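Chemist: Contents of input_33.txt (compact mmCIF, C-alpha atoms (C1' of nucleotides)) are below:
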# COMPACT_ATOMS: atom_id res chain seq x y z
CA MET V 597 -21.57 -68.85 -19.84
CA VAL V 598 -18.80 -70.69 -18.04
CA ASP V 599 -15.29 -70.31 -19.36
CA ASN V 600 -13.90 -73.79 -19.89
CA ALA V 601 -10.76 -72.61 -21.61
CA ASN V 602 -8.45 -73.41 -18.74
CA THR V 603 -9.67 -76.71 -17.43
CA THR V 604 -7.24 -79.54 -16.83
CA GLU V 605 -8.48 -81.24 -19.95
CA THR V 606 -7.67 -78.32 -22.22
CA GLN V 607 -4.33 -77.84 -20.51
CA ILE V 608 -3.47 -81.43 -21.32
CA PHE V 609 -4.72 -81.08 -24.87
CA ASP V 610 -2.68 -77.95 -25.52
CA ALA V 611 0.44 -79.53 -24.06
CA ALA V 612 -0.11 -82.68 -26.11
CA LEU V 613 -0.49 -80.60 -29.23
CA ARG V 614 2.82 -78.86 -28.65
CA VAL V 615 4.68 -82.08 -27.91
CA PHE V 616 3.13 -84.11 -30.73
CA HIS V 617 3.78 -81.32 -33.20
CA LYS V 618 7.43 -81.25 -32.27
CA LYS V 619 8.13 -84.96 -31.77
CA GLY V 620 5.44 -86.79 -33.73
CA LEU V 621 3.42 -89.75 -32.49
CA ALA V 622 6.37 -92.13 -32.20
CA GLY V 623 8.73 -89.62 -30.62
CA ALA V 624 6.36 -88.06 -28.10
CA ARG V 625 6.39 -89.26 -24.48
CA MET V 626 3.40 -89.21 -22.19
CA GLN V 627 5.68 -88.05 -19.39
CA GLU V 628 6.82 -85.07 -21.44
CA ILE V 629 3.24 -84.09 -22.18
CA ALA V 630 2.42 -84.28 -18.49
CA ASP V 631 5.43 -82.13 -17.60
CA GLU V 632 4.53 -79.64 -20.32
CA ALA V 633 1.00 -79.42 -18.91
CA GLY V 634 2.35 -79.20 -15.36
CA ILE V 635 0.25 -82.10 -14.10
CA ASN V 636 0.53 -85.76 -13.24
CA LYS V 637 0.92 -88.44 -15.86
CA SER V 638 -2.13 -90.41 -14.72
CA MET V 639 -4.31 -87.46 -15.61
CA LEU V 640 -3.59 -88.05 -19.28
CA HIS V 641 -5.15 -91.49 -19.00
CA TYR V 642 -7.99 -90.23 -16.87
CA TYR V 643 -9.07 -87.71 -19.51
CA PHE V 644 -7.99 -89.36 -22.77
CA ARG V 645 -7.76 -93.08 -21.91
CA ASN V 646 -4.51 -93.72 -23.84
CA LYS V 647 -1.84 -92.20 -26.04
CA GLU V 648 -3.58 -93.23 -29.25
CA GLN V 649 -6.79 -91.37 -28.45
CA LEU V 650 -4.98 -88.28 -27.25
CA PHE V 651 -3.03 -88.29 -30.46
CA SER V 652 -6.13 -88.74 -32.60
CA GLN V 653 -7.80 -85.69 -31.15
CA VAL V 654 -4.67 -83.61 -31.68
CA PHE V 655 -4.24 -84.90 -35.20
CA PHE V 656 -7.76 -84.24 -36.39
CA GLN V 657 -7.80 -80.72 -35.03
CA SER V 658 -4.44 -80.10 -36.69
CA PHE V 659 -5.61 -81.55 -39.96
CA ARG V 660 -8.65 -79.31 -39.99
CA LYS V 661 -6.54 -76.27 -39.27
CA PHE V 662 -4.09 -77.18 -42.01
CA MET V 663 -6.46 -78.25 -44.76
CA GLY V 664 -9.90 -77.04 -43.79
CA SER V 665 -9.21 -73.50 -42.71
CA VAL V 666 -8.63 -72.36 -46.27
CA LEU V 667 -11.96 -73.52 -47.67
CA PRO V 668 -13.99 -70.48 -46.57
CA ILE V 669 -11.51 -68.24 -48.36
CA LEU V 670 -11.85 -70.23 -51.56
CA ASN V 671 -15.60 -69.92 -51.43
CA GLU V 672 -15.89 -66.19 -50.88
CA PRO V 673 -17.68 -64.03 -53.43
CA ASN V 674 -14.62 -62.19 -54.76
CA THR V 675 -12.72 -62.99 -57.96
CA TRP V 676 -10.21 -65.84 -58.33
CA GLU V 677 -7.53 -63.25 -58.87
CA GLU V 678 -8.27 -61.59 -55.56
CA LYS V 679 -8.29 -64.89 -53.75
CA ILE V 680 -4.70 -65.81 -54.58
CA PRO V 681 -2.93 -63.26 -52.36
CA VAL V 682 -5.45 -63.91 -49.60
CA VAL V 683 -4.67 -67.61 -49.64
CA ILE V 684 -0.94 -66.91 -49.61
CA GLU V 685 -1.35 -64.54 -46.67
CA HIS V 686 -3.53 -67.06 -44.88
CA TYR V 687 -1.01 -69.88 -45.11
CA THR V 688 1.84 -67.59 -44.16
CA GLN V 689 0.10 -66.66 -40.96
CA VAL V 690 -0.90 -70.23 -40.17
CA MET V 691 2.71 -71.33 -40.61
CA GLN V 692 4.07 -68.46 -38.54
CA GLY V 693 1.62 -69.15 -35.73
CA ASN V 694 2.10 -72.93 -35.83
CA PRO V 695 5.64 -73.65 -36.92
CA HIS V 696 5.39 -77.43 -36.70
CA LEU V 697 1.83 -77.88 -37.98
CA ALA V 698 2.45 -78.62 -41.64
CA LEU V 699 5.27 -81.08 -41.20
CA PHE V 700 3.37 -82.83 -38.43
CA VAL V 701 0.27 -83.37 -40.55
CA ILE V 702 2.17 -84.37 -43.67
CA ASN V 703 4.30 -86.78 -41.72
CA GLU V 704 1.69 -88.55 -39.68
CA LEU V 705 -0.56 -88.80 -42.68
CA ARG V 706 2.19 -90.45 -44.66
CA GLN V 707 2.77 -93.11 -42.05
CA ASN V 708 -0.83 -93.97 -41.39
CA THR V 709 -2.55 -93.54 -44.71
CA ASP V 710 -5.11 -96.23 -44.05
CA GLY V 711 -6.13 -95.12 -40.58
CA PHE V 712 -7.22 -91.67 -41.60
CA SER V 713 -8.43 -92.15 -45.14
CA SER V 714 -12.07 -92.54 -44.17
CA PHE V 715 -11.96 -89.27 -42.30
CA ILE V 716 -10.29 -87.35 -45.04
CA LYS V 717 -11.63 -88.52 -48.36
CA ASP V 718 -14.02 -86.41 -50.36
CA ASN V 719 -12.13 -83.28 -49.59
CA PRO V 720 -14.13 -80.50 -51.24
CA LEU V 721 -11.08 -78.63 -52.46
CA LEU V 722 -11.87 -79.22 -56.11
CA ASN V 723 -15.50 -78.22 -55.64
CA THR V 724 -14.79 -74.72 -54.39
CA VAL V 725 -15.91 -71.48 -56.00
CA PHE V 726 -12.24 -70.73 -56.63
CA VAL V 727 -11.79 -73.77 -58.86
CA ALA V 728 -15.07 -73.07 -60.66
CA GLN V 729 -13.87 -69.54 -61.34
CA LEU V 730 -10.58 -70.79 -62.71
CA LYS V 731 -12.31 -73.20 -65.06
CA GLN V 732 -14.61 -70.45 -66.25
CA ALA V 733 -11.71 -68.10 -66.92
CA MET V 734 -10.01 -70.86 -68.91
CA GLN V 735 -13.12 -71.43 -71.01
CA ASN V 736 -13.39 -67.73 -71.67
CA GLY V 737 -9.81 -67.72 -72.87
CA GLU V 738 -8.80 -65.23 -70.20
CA ILE V 739 -6.11 -67.48 -68.78
CA ARG V 740 -4.02 -70.40 -69.87
CA THR V 741 -5.59 -73.86 -69.61
CA VAL V 742 -4.01 -75.79 -66.74
CA GLN V 743 -5.31 -78.37 -64.32
CA PRO V 744 -6.60 -76.45 -61.28
CA MET V 745 -4.65 -78.88 -59.10
CA GLN V 746 -1.44 -77.63 -60.68
CA ILE V 747 -2.36 -74.09 -59.75
CA TRP V 748 -3.30 -75.08 -56.24
CA LEU V 749 -0.07 -76.97 -55.73
CA THR V 750 1.95 -74.05 -57.04
CA ILE V 751 0.44 -71.78 -54.42
CA THR V 752 0.78 -74.17 -51.50
CA SER V 753 4.19 -75.59 -52.43
CA ASN V 754 5.80 -72.22 -52.78
CA ILE V 755 4.60 -70.87 -49.46
CA ILE V 756 4.55 -73.99 -47.26
CA PHE V 757 7.79 -75.65 -48.33
CA PRO V 758 10.06 -72.80 -47.18
CA PHE V 759 8.55 -73.05 -43.72
CA ILE V 760 8.98 -76.78 -43.35
CA THR V 761 12.59 -76.52 -44.49
CA GLU V 762 13.24 -73.39 -42.45
CA PRO V 763 15.73 -74.98 -40.03
CA MET V 764 17.60 -76.45 -42.98
CA LEU V 765 17.69 -73.15 -44.82
CA LYS V 766 18.88 -71.26 -41.78
CA MET V 767 21.55 -73.88 -41.32
CA THR V 768 22.85 -74.19 -44.86
CA ILE V 769 22.90 -70.52 -45.72
CA ASN V 770 23.48 -67.65 -43.39
CA PHE V 771 19.98 -66.45 -42.70
CA HIS V 772 19.77 -64.12 -39.79
CA ASP V 773 16.35 -63.94 -38.18
CA SER V 774 15.77 -60.42 -39.45
CA ASP V 775 16.54 -61.53 -43.01
CA TRP V 776 14.01 -64.33 -42.73
CA ASP V 777 11.04 -62.04 -42.16
CA GLY V 778 11.98 -59.94 -45.13
CA PHE V 779 12.54 -63.02 -47.21
CA ILE V 780 9.03 -64.28 -46.48
CA ALA V 781 7.53 -60.86 -47.13
CA ASP V 782 9.23 -60.79 -50.53
CA ARG V 783 8.18 -64.33 -51.22
CA LYS V 784 4.47 -63.64 -50.85
CA LYS V 785 4.61 -61.08 -53.61
CA ILE V 786 6.84 -63.15 -55.86
CA ILE V 787 4.56 -66.17 -55.75
CA ALA V 788 1.45 -64.17 -56.57
CA ASP V 789 3.16 -62.21 -59.36
CA MET V 790 4.73 -65.27 -60.89
CA LEU V 791 1.54 -67.30 -60.95
CA LEU V 792 -0.59 -64.49 -62.35
CA LEU V 793 1.96 -63.75 -65.04
CA TYR V 794 2.04 -67.39 -66.06
CA LEU V 795 -1.72 -67.77 -66.16
CA LYS V 796 -2.36 -64.61 -68.12
CA ASN V 797 0.38 -65.15 -70.66
CA SER V 798 -0.98 -67.61 -73.21
CA MET S 1499 38.53 -106.37 -57.35
CA VAL S 1500 36.26 -108.05 -54.86
CA ASP S 1501 32.56 -107.25 -54.96
CA ASN S 1502 31.52 -106.24 -51.49
CA ALA S 1503 28.03 -105.12 -52.47
CA ASN S 1504 26.23 -108.00 -50.85
CA THR S 1505 27.97 -108.44 -47.55
CA THR S 1506 25.98 -108.74 -44.37
CA GLU S 1507 26.96 -105.22 -43.46
CA THR S 1508 25.53 -103.70 -46.63
CA GLN S 1509 22.41 -105.84 -46.33
CA ILE S 1510 21.86 -104.40 -42.88
CA PHE S 1511 22.57 -100.89 -44.05
CA ASP S 1512 20.14 -101.13 -46.95
CA ALA S 1513 17.45 -102.58 -44.73
CA ALA S 1514 18.03 -99.87 -42.14
CA LEU S 1515 17.77 -97.22 -44.81
CA ARG S 1516 14.39 -98.51 -45.95
CA VAL S 1517 13.00 -98.77 -42.43
CA PHE S 1518 14.37 -95.45 -41.19
CA HIS S 1519 13.09 -93.70 -44.30
CA LYS S 1520 9.59 -95.01 -43.70
CA LYS S 1521 9.39 -94.81 -39.91
CA GLY S 1522 11.98 -92.23 -38.87
CA LEU S 1523 14.45 -92.60 -36.02
CA ALA S 1524 11.85 -92.69 -33.25
CA GLY S 1525 9.45 -95.01 -35.08
CA ALA S 1526 11.95 -97.53 -36.43
CA ARG S 1527 12.54 -100.79 -34.58
CA MET S 1528 15.80 -102.70 -34.58
CA GLN S 1529 13.80 -105.92 -34.88
CA GLU S 1530 12.08 -104.67 -38.00
CA ILE S 1531 15.40 -103.75 -39.57
CA ALA S 1532 16.73 -107.22 -38.79
CA ASP S 1533 13.65 -108.84 -40.32
CA GLU S 1534 13.92 -106.62 -43.37
CA ALA S 1535 17.55 -107.67 -43.79
CA GLY S 1536 16.68 -111.30 -43.17
CA ILE S 1537 19.22 -111.70 -40.39
CA ASN S 1538 19.47 -111.81 -36.63
CA LYS S 1539 19.00 -108.76 -34.47
CA SER S 1540 22.36 -109.10 -32.73
CA MET S 1541 24.08 -108.60 -36.06
CA LEU S 1542 22.95 -105.00 -36.08
CA HIS S 1543 24.90 -104.40 -32.89
CA TYR S 1544 27.85 -106.40 -34.09
CA TYR S 1545 28.28 -104.25 -37.18
CA PHE S 1546 26.97 -100.86 -36.05
CA ARG S 1547 27.25 -100.95 -32.25
CA ASN S 1548 23.88 -99.31 -31.55
CA LYS S 1549 20.78 -97.78 -33.08
CA GLU S 1550 22.16 -94.26 -32.93
CA GLN S 1551 25.22 -95.04 -35.01
CA LEU S 1552 23.27 -97.05 -37.53
CA PHE S 1553 20.90 -94.15 -37.90
CA SER S 1554 23.72 -91.63 -38.28
CA GLN S 1555 25.23 -93.48 -41.19
CA VAL S 1556 21.86 -93.75 -42.90
CA PHE S 1557 21.09 -90.11 -42.28
CA PHE S 1558 24.32 -88.70 -43.62
CA GLN S 1559 24.17 -90.75 -46.78
CA SER S 1560 20.56 -89.64 -47.26
CA PHE S 1561 21.43 -86.04 -46.64
CA ARG S 1562 24.16 -86.13 -49.22
CA LYS S 1563 21.87 -87.71 -51.77
CA PHE S 1564 19.17 -85.13 -51.09
CA MET S 1565 21.24 -81.97 -50.90
CA GLY S 1566 24.61 -82.77 -52.37
CA SER S 1567 23.70 -84.63 -55.50
CA VAL S 1568 22.51 -81.49 -57.24
CA LEU S 1569 25.72 -79.51 -56.82
CA PRO S 1570 27.55 -80.97 -59.85
CA ILE S 1571 24.60 -80.00 -62.03
CA LEU S 1572 24.71 -76.43 -60.78
CA ASN S 1573 28.41 -76.19 -61.57
CA GLU S 1574 28.33 -77.50 -65.12
CA PRO S 1575 29.51 -75.29 -67.97
CA ASN S 1576 26.12 -74.73 -69.60
CA THR S 1577 23.89 -71.66 -69.20
CA TRP S 1578 21.69 -70.97 -66.17
CA GLU S 1579 18.68 -71.31 -68.42
CA GLU S 1580 19.70 -74.78 -69.48
CA LYS S 1581 20.33 -75.84 -65.91
CA ILE S 1582 16.78 -75.24 -64.71
CA PRO S 1583 15.05 -78.12 -66.50
CA VAL S 1584 18.00 -80.38 -65.66
CA VAL S 1585 17.62 -79.66 -61.96
CA ILE S 1586 13.89 -80.26 -62.15
CA GLU S 1587 14.42 -83.55 -63.92
CA HIS S 1588 17.10 -84.53 -61.43
CA TYR S 1589 14.90 -83.99 -58.38
CA THR S 1590 11.97 -85.71 -60.04
CA GLN S 1591 14.02 -88.82 -60.55
CA VAL S 1592 15.51 -88.72 -57.07
CA MET S 1593 12.00 -88.47 -55.60
CA GLN S 1594 10.64 -91.23 -57.79
CA GLY S 1595 13.51 -93.53 -56.92
CA ASN S 1596 13.46 -92.70 -53.19
CA PRO S 1597 9.88 -91.88 -52.23
CA HIS S 1598 10.59 -91.28 -48.56
CA LEU S 1599 13.95 -89.56 -48.83
CA ALA S 1600 12.93 -85.91 -48.76
CA LEU S 1601 10.49 -86.13 -45.89
CA PHE S 1602 12.93 -88.25 -43.91
CA VAL S 1603 15.75 -85.74 -44.20
CA ILE S 1604 13.56 -82.69 -43.59
CA ASN S 1605 12.01 -84.33 -40.58
CA GLU S 1606 15.06 -85.65 -38.80
CA LEU S 1607 16.89 -82.44 -39.46
CA ARG S 1608 14.09 -80.47 -37.86
CA GLN S 1609 14.15 -82.52 -34.69
CA ASN S 1610 17.89 -82.57 -34.22
CA THR S 1611 19.09 -79.24 -35.51
CA ASP S 1612 22.00 -79.04 -33.10
CA GLY S 1613 23.35 -82.52 -33.63
CA PHE S 1614 23.89 -82.15 -37.34
CA SER S 1615 24.67 -78.47 -37.72
CA SER S 1616 28.42 -78.90 -37.62
CA PHE S 1617 28.24 -81.44 -40.43
CA ILE S 1618 26.00 -79.37 -42.60
CA LYS S 1619 26.98 -75.74 -42.33
CA ASP S 1620 28.81 -73.95 -45.10
CA ASN S 1621 26.71 -75.56 -47.76
CA PRO S 1622 28.16 -74.32 -51.04
CA LEU S 1623 24.77 -73.87 -52.70
CA LEU S 1624 25.12 -70.12 -52.95
CA ASN S 1625 28.63 -70.37 -54.33
CA THR S 1626 27.73 -72.41 -57.39
CA VAL S 1627 28.22 -71.41 -60.99
CA PHE S 1628 24.46 -71.37 -61.35
CA VAL S 1629 24.03 -68.61 -58.78
CA ALA S 1630 26.93 -66.65 -60.25
CA GLN S 1631 25.28 -66.86 -63.66
CA LEU S 1632 21.98 -65.63 -62.27
CA LYS S 1633 23.63 -62.64 -60.64
CA GLN S 1634 25.44 -61.81 -63.84
CA ALA S 1635 22.21 -61.98 -65.85
CA MET S 1636 20.58 -59.65 -63.35
CA GLN S 1637 23.41 -57.15 -63.61
CA ASN S 1638 23.17 -57.26 -67.39
CA GLY S 1639 19.49 -56.51 -67.14
CA GLU S 1640 18.59 -59.74 -68.90
CA ILE S 1641 16.39 -60.93 -66.06
CA ARG S 1642 14.51 -59.50 -63.14
CA THR S 1643 16.47 -58.84 -59.95
CA VAL S 1644 15.53 -61.38 -57.30
CA GLN S 1645 17.44 -63.05 -54.50
CA PRO S 1646 18.90 -66.27 -55.93
CA MET S 1647 17.55 -68.10 -52.89
CA GLN S 1648 14.03 -67.18 -53.98
CA ILE S 1649 14.68 -68.73 -57.35
CA TRP S 1650 16.20 -71.82 -55.84
CA LEU S 1651 13.30 -72.28 -53.44
CA THR S 1652 10.82 -71.84 -56.26
CA ILE S 1653 12.39 -74.72 -58.16
CA THR S 1654 12.72 -77.07 -55.23
CA SER S 1655 9.41 -76.26 -53.56
CA ASN S 1656 7.39 -76.82 -56.68
CA ILE S 1657 8.88 -80.18 -57.50
CA ILE S 1658 9.57 -81.66 -54.06
CA PHE S 1659 6.43 -80.61 -52.21
CA PRO S 1660 4.04 -82.58 -54.45
CA PHE S 1661 6.02 -85.74 -53.74
CA ILE S 1662 6.07 -85.36 -49.98
CA THR S 1663 2.34 -84.70 -49.97
CA GLU S 1664 1.62 -87.41 -52.52
CA PRO S 1665 -0.34 -89.70 -50.16
CA MET S 1666 -2.40 -86.74 -49.05
CA LEU S 1667 -3.12 -85.65 -52.61
CA LYS S 1668 -4.08 -89.13 -53.69
CA MET S 1669 -6.37 -89.30 -50.70
CA THR S 1670 -8.08 -85.95 -50.91
CA ILE S 1671 -8.66 -85.88 -54.62
CA ASN S 1672 -9.21 -88.79 -56.89
CA PHE S 1673 -5.82 -89.38 -58.39
CA HIS S 1674 -5.49 -92.68 -60.10
CA ASP S 1675 -1.93 -93.89 -60.42
CA SER S 1676 -1.93 -93.35 -64.15
CA ASP S 1677 -3.03 -89.74 -63.69
CA TRP S 1678 -0.19 -89.15 -61.26
CA ASP S 1679 2.56 -89.86 -63.77
CA GLY S 1680 0.99 -87.51 -66.28
CA PHE S 1681 0.51 -84.90 -63.60
CA ILE S 1682 4.20 -84.97 -62.71
CA ALA S 1683 5.21 -84.87 -66.37
CA ASP S 1684 3.06 -81.77 -66.87
CA ARG S 1685 4.40 -80.25 -63.72
CA LYS S 1686 8.01 -80.35 -64.81
CA LYS S 1687 7.21 -78.22 -67.83
CA ILE S 1688 4.92 -75.85 -65.95
CA ILE S 1689 7.53 -75.06 -63.32
CA ALA S 1690 10.27 -74.33 -65.84
CA ASP S 1691 7.98 -72.25 -68.06
CA MET S 1692 6.56 -70.27 -65.17
CA LEU S 1693 9.91 -69.44 -63.65
CA LEU S 1694 11.51 -68.42 -66.94
CA LEU S 1695 8.54 -66.26 -67.85
CA TYR S 1696 8.74 -64.52 -64.50
CA LEU S 1697 12.46 -63.90 -64.67
CA LYS S 1698 12.48 -62.59 -68.23
CA ASN S 1699 9.49 -60.33 -67.80
CA SER S 1700 10.75 -57.21 -66.08
C1' DG P 76 30.49 -114.16 -37.82
C1' DT P 77 26.23 -115.87 -36.38
C1' DC P 78 23.07 -117.45 -33.31
C1' DT P 79 20.10 -118.07 -28.51
C1' DA P 80 19.22 -116.50 -24.24
C1' DT P 81 19.01 -112.94 -21.16
C1' DA P 82 19.86 -108.54 -18.84
C1' DT P 83 18.41 -103.83 -18.41
C1' DC P 84 15.75 -100.12 -19.06
C1' DC P 85 11.89 -97.35 -20.15
C1' DA P 86 7.27 -96.14 -21.62
C1' DG P 87 2.34 -96.87 -21.43
C1' DA P 88 -1.12 -98.15 -18.53
C1' DT P 89 -3.51 -99.41 -14.11
C1' DA P 90 -4.68 -99.84 -8.90
C1' DG P 91 -5.97 -97.73 -5.23
C1' DA P 92 -5.43 -94.17 -1.40
C1' DC P 93 -7.04 -89.63 -0.53
C1' DG O 274 -10.21 -85.29 -9.72
C1' DT O 275 -5.59 -85.85 -8.35
C1' DC O 276 -1.89 -88.14 -6.63
C1' DT O 277 1.82 -92.26 -5.53
C1' DA O 278 3.12 -96.66 -6.37
C1' DT O 279 3.28 -100.41 -9.29
C1' DC O 280 2.49 -103.66 -13.14
C1' DT O 281 3.46 -105.15 -17.73
C1' DG O 282 5.15 -105.28 -22.33
C1' DG O 283 8.37 -104.14 -25.45
C1' DA O 284 12.78 -102.33 -27.14
C1' DT O 285 17.82 -101.78 -26.87
C1' DA O 286 21.71 -103.94 -25.76
C1' DT O 287 24.90 -107.62 -24.04
C1' DA O 288 26.82 -112.40 -22.76
C1' DG O 289 28.32 -116.26 -24.26
C1' DA O 290 27.94 -120.78 -26.87
C1' DC O 291 29.05 -122.49 -31.35
The structure given in the file should be rewritten as structure tokens.
Modeler:
Amino acid sequence: MVDNANTTETQIFDAALRVFHKKGLAGARMQEIADEAGINKSMLHYYFRNKEQLFSQVFFQSFRKFMGSVLPILNEPNTWEEKIPVVIEHYTQVMQGNPHLALFVINELRQNTDGFSSFIKDNPLLNTVFVAQLKQAMQNGEIRTVQPMQIWLTITSNIIFPFITEPMLKMTINFHDSDWDGFIADRKKIIADMLLLYLKNS
Amino acid sequence: MVDNANTTETQIFDAALRVFHKKGLAGARMQEIADEAGINKSMLHYYFRNKEQLFSQVFFQSFRKFMGSVLPILNEPNTWEEKIPVVIEHYTQVMQGNPHLALFVINELRQNTDGFSSFIKDNPLLNTVFVAQLKQAMQNGEIRTVQPMQIWLTITSNIIFPFITEPMLKMTINFHDSDWDGFIADRKKIIADMLLLYLKNS
DNA sequence: GTCTATATCCAGATAGAC
DNA sequence: GTCTATCTGGATATAGAC
């Protein structure tokens, strides 16, 4: 099988992803993407026709990575309680590997709600095994009755928000880089402990 | 005293604030700001010289509203326990009154870390009465020992993140507008309860 | 202070040689 | 497929009349 991982097209795509993630659709420049890819600007148009289409491809891959990558975890055959730290660990690693991903997706989605809504609607988040397990545990009286969406938002807010405000945090307080890693490590445990304690205490 | 609230200059500033909040620095257009203010485009340059300066003024006011407005609350002479729901309520109202504020500040700050750092550093967040009270309670063994920054991030993440992802949430699940208000009302109580439970359970 | 007209620049996109 | 050169539209900014 031929390795197509390093074709011109993928080089452009990877460069575009980096630039769009950092600058957004409005702030990105085709010239900068070309420079980042180390090729000529016309090549962008040759392979992707125009800026809009190049952006679309980057956006949809990013959206899937941000929203879709967690679904398999939520549908695994372990307990809801076991899933929580796994989800936290998952998002931590996604954020660490793609520092601009979350803010990019949130931002572009906010500005172009209409354009993407057809692609995105019917997100199966609320139909996962995880949510079914939570509802069951609530019915059984094992945990407090709360909207599953509140639980989901508690998990994601607590782990994603620190990353998107990371530059601000490092600026306003004196975080050294070594402190940051420890801070995130602590945070993973705190979030899981806090949520479990809340759910089980009725 | 003369009322200067409706001068051309303030009309421009208010219009610029709305447009910059929605579109960001890179996405905003001077023409759109002029249209929004109902005046001629040259007026923007007459009063604010150029786009950069107009943006700066908008940004710094927004930053103060986002970060600075909570400081008085944290320094009031009530207990740390009383402050928590007040802070949550405060941020809820700021978000509801300025739907684009948080994402705007987070975003522009991320893209121009250097440009604003001198203005922003030495944020007195960690020197507030609130943080002093938390440390004291930890020393007394009244609450669990955690970095105050973890507590602060738990409060802000849980209440701000849902607002900045609001369009996404309304898109991916079926939130009707009436549900949303109830969801936020529930959320305020959940966050406070969850955090207090966690802190007091050692 | 407010407007119209215009200068200047820059980014996206295309034409066409190789 | 890849490059250089160029076109075109749009956005910031200025000049200058009133």
Chemist: Compute the set of chain V residues within 8 Å of chain S, using only C-alpha atoms, and express it as a short mmCIF file (atom, residue, chain, number, x, y, z; two decimals) with C-alpha atoms, in the coordinates of the input.
Modeler:
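The resulting iface_35.cif:
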data_model
loop_
_atom_site.label_atom_id
_atom_site.label_comp_id
_atom_site.auth_asym_id
_atom_site.auth_seq_id
_atom_site.Cartn_x
_atom_site.Cartn_y
_atom_site.Cartn_z
CA LYS V 618 7.43 -81.25 -32.27
CA LYS V 619 8.13 -84.96 -31.77
CA ALA V 622 6.37 -92.13 -32.20
CA GLY V 623 8.73 -89.62 -30.62
CA LEU V 699 5.27 -81.08 -41.20
CA ILE V 702 2.17 -84.37 -43.67
CA ASN V 703 4.30 -86.78 -41.72
CA LEU V 705 -0.56 -88.80 -42.68
CA ARG V 706 2.19 -90.45 -44.66
CA GLN V 707 2.77 -93.11 -42.05
CA THR V 709 -2.55 -93.54 -44.71
CA SER V 713 -8.43 -92.15 -45.14
CA ILE V 716 -10.29 -87.35 -45.04
CA LYS V 717 -11.63 -88.52 -48.36
CA ASP V 718 -14.02 -86.41 -50.36
CA ASN V 719 -12.13 -83.28 -49.59
CA LEU V 721 -11.08 -78.63 -52.46
CA LEU V 722 -11.87 -79.22 -56.11
CA GLN V 746 -1.44 -77.63 -60.68
CA LEU V 749 -0.07 -76.97 -55.73
CA THR V 750 1.95 -74.05 -57.04
CA SER V 753 4.19 -75.59 -52.43
CA ASN V 754 5.80 -72.22 -52.78
CA PHE V 757 7.79 -75.65 -48.33
CA PRO V 758 10.06 -72.80 -47.18
CA ILE V 760 8.98 -76.78 -43.35
CA THR V 761 12.59 -76.52 -44.49
CA PRO V 763 15.73 -74.98 -40.03
CA MET V 764 17.60 -76.45 -42.98
CA MET V 767 21.55 -73.88 -41.32
CA THR V 768 22.85 -74.19 -44.86
CA ILE V 769 22.90 -70.52 -45.72
CA ARG V 783 8.18 -64.33 -51.22
CA ASP V 789 3.16 -62.21 -59.36
CA MET V 790 4.73 -65.27 -60.89
CA LEU V 791 1.54 -67.30 -60.95
CA LEU V 793 1.96 -63.75 -65.04
CA TYR V 794 2.04 -67.39 -66.06
#
Chemist: Would you compute the distance between CA of Val682 (chain V) and CA of Ser665 (chain V)? Give it in Å to one decimal.
Modeler: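 It comes out at 12.4 Å.
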Chemist: At most 12 Å is the cut-off: for each residue in chain P with any atom that close to an atom of chain V, write down the nearest atom pair and the distance in Å rounded to one decimal, counting all atoms listed in the file, chain first then increasing number, as JSON lines.
Modeler:
{"residue": "P:DC85", "atom": "C1'", "partner": "V:Arg625", "partner_atom": "CA", "distance": 10.7}
{"residue": "P:DA86", "atom": "C1'", "partner": "V:Arg625", "partner_atom": "CA", "distance": 7.5}
{"residue": "P:DG87", "atom": "C1'", "partner": "V:Met626", "partner_atom": "CA", "distance": 7.8}
{"residue": "P:DA88", "atom": "C1'", "partner": "V:Asn646", "partner_atom": "CA", "distance": 7.7}
{"residue": "P:DT89", "atom": "C1'", "partner": "V:Ser638", "partner_atom": "CA", "distance": 9.1}
{"residue": "P:DA90", "atom": "C1'", "partner": "V:Ser638", "partner_atom": "CA", "distance": 11.4}
Chemist: Just checking: using all atoms listed in the file, which residue out of V:Gln735, V:Phe651, V:Pro744, V:Phe644 ends up closest to Ala612 (chain V)?
Modeler: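 Smallest distance to Ala612 (chain V) is found for V:Phe651.
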Chemist: Counting only C-alpha atoms (C1' of nucleotides), which residues of chain V come no farther than 10 Å from chain O, as a VMD selection string?
Modeler: chain V and resid 604 635 to 639 642
Chemist: Could you give me, as a list of chain:residue names, the residues within 8 Å of Phe1511 (chain S), counting only C-alpha atoms (C1' of nucleotides) and dropping anything in the same chain fewer than 3 positions from it?
Modeler: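 The contact residues come out as S:Glu1507, S:Thr1508, S:Ala1514, S:Leu1515, S:Leu1552, S:Val1556.
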Chemist: When you draw a straight line from CA of Pro1583 (chain S) to CA of Ala1600 (chain S), how long is it in Å?
Modeler: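 For CA of Pro1583 (chain S) relative to CA of Ala1600 (chain S), the distance reads 19.5 Å.
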Chemist: Go ahead and compute the interatomic distance for CA of Gly737 (chain V) and CA of Lys679 (chain V), in Å to one decimal.
Modeler: 19.4 Å
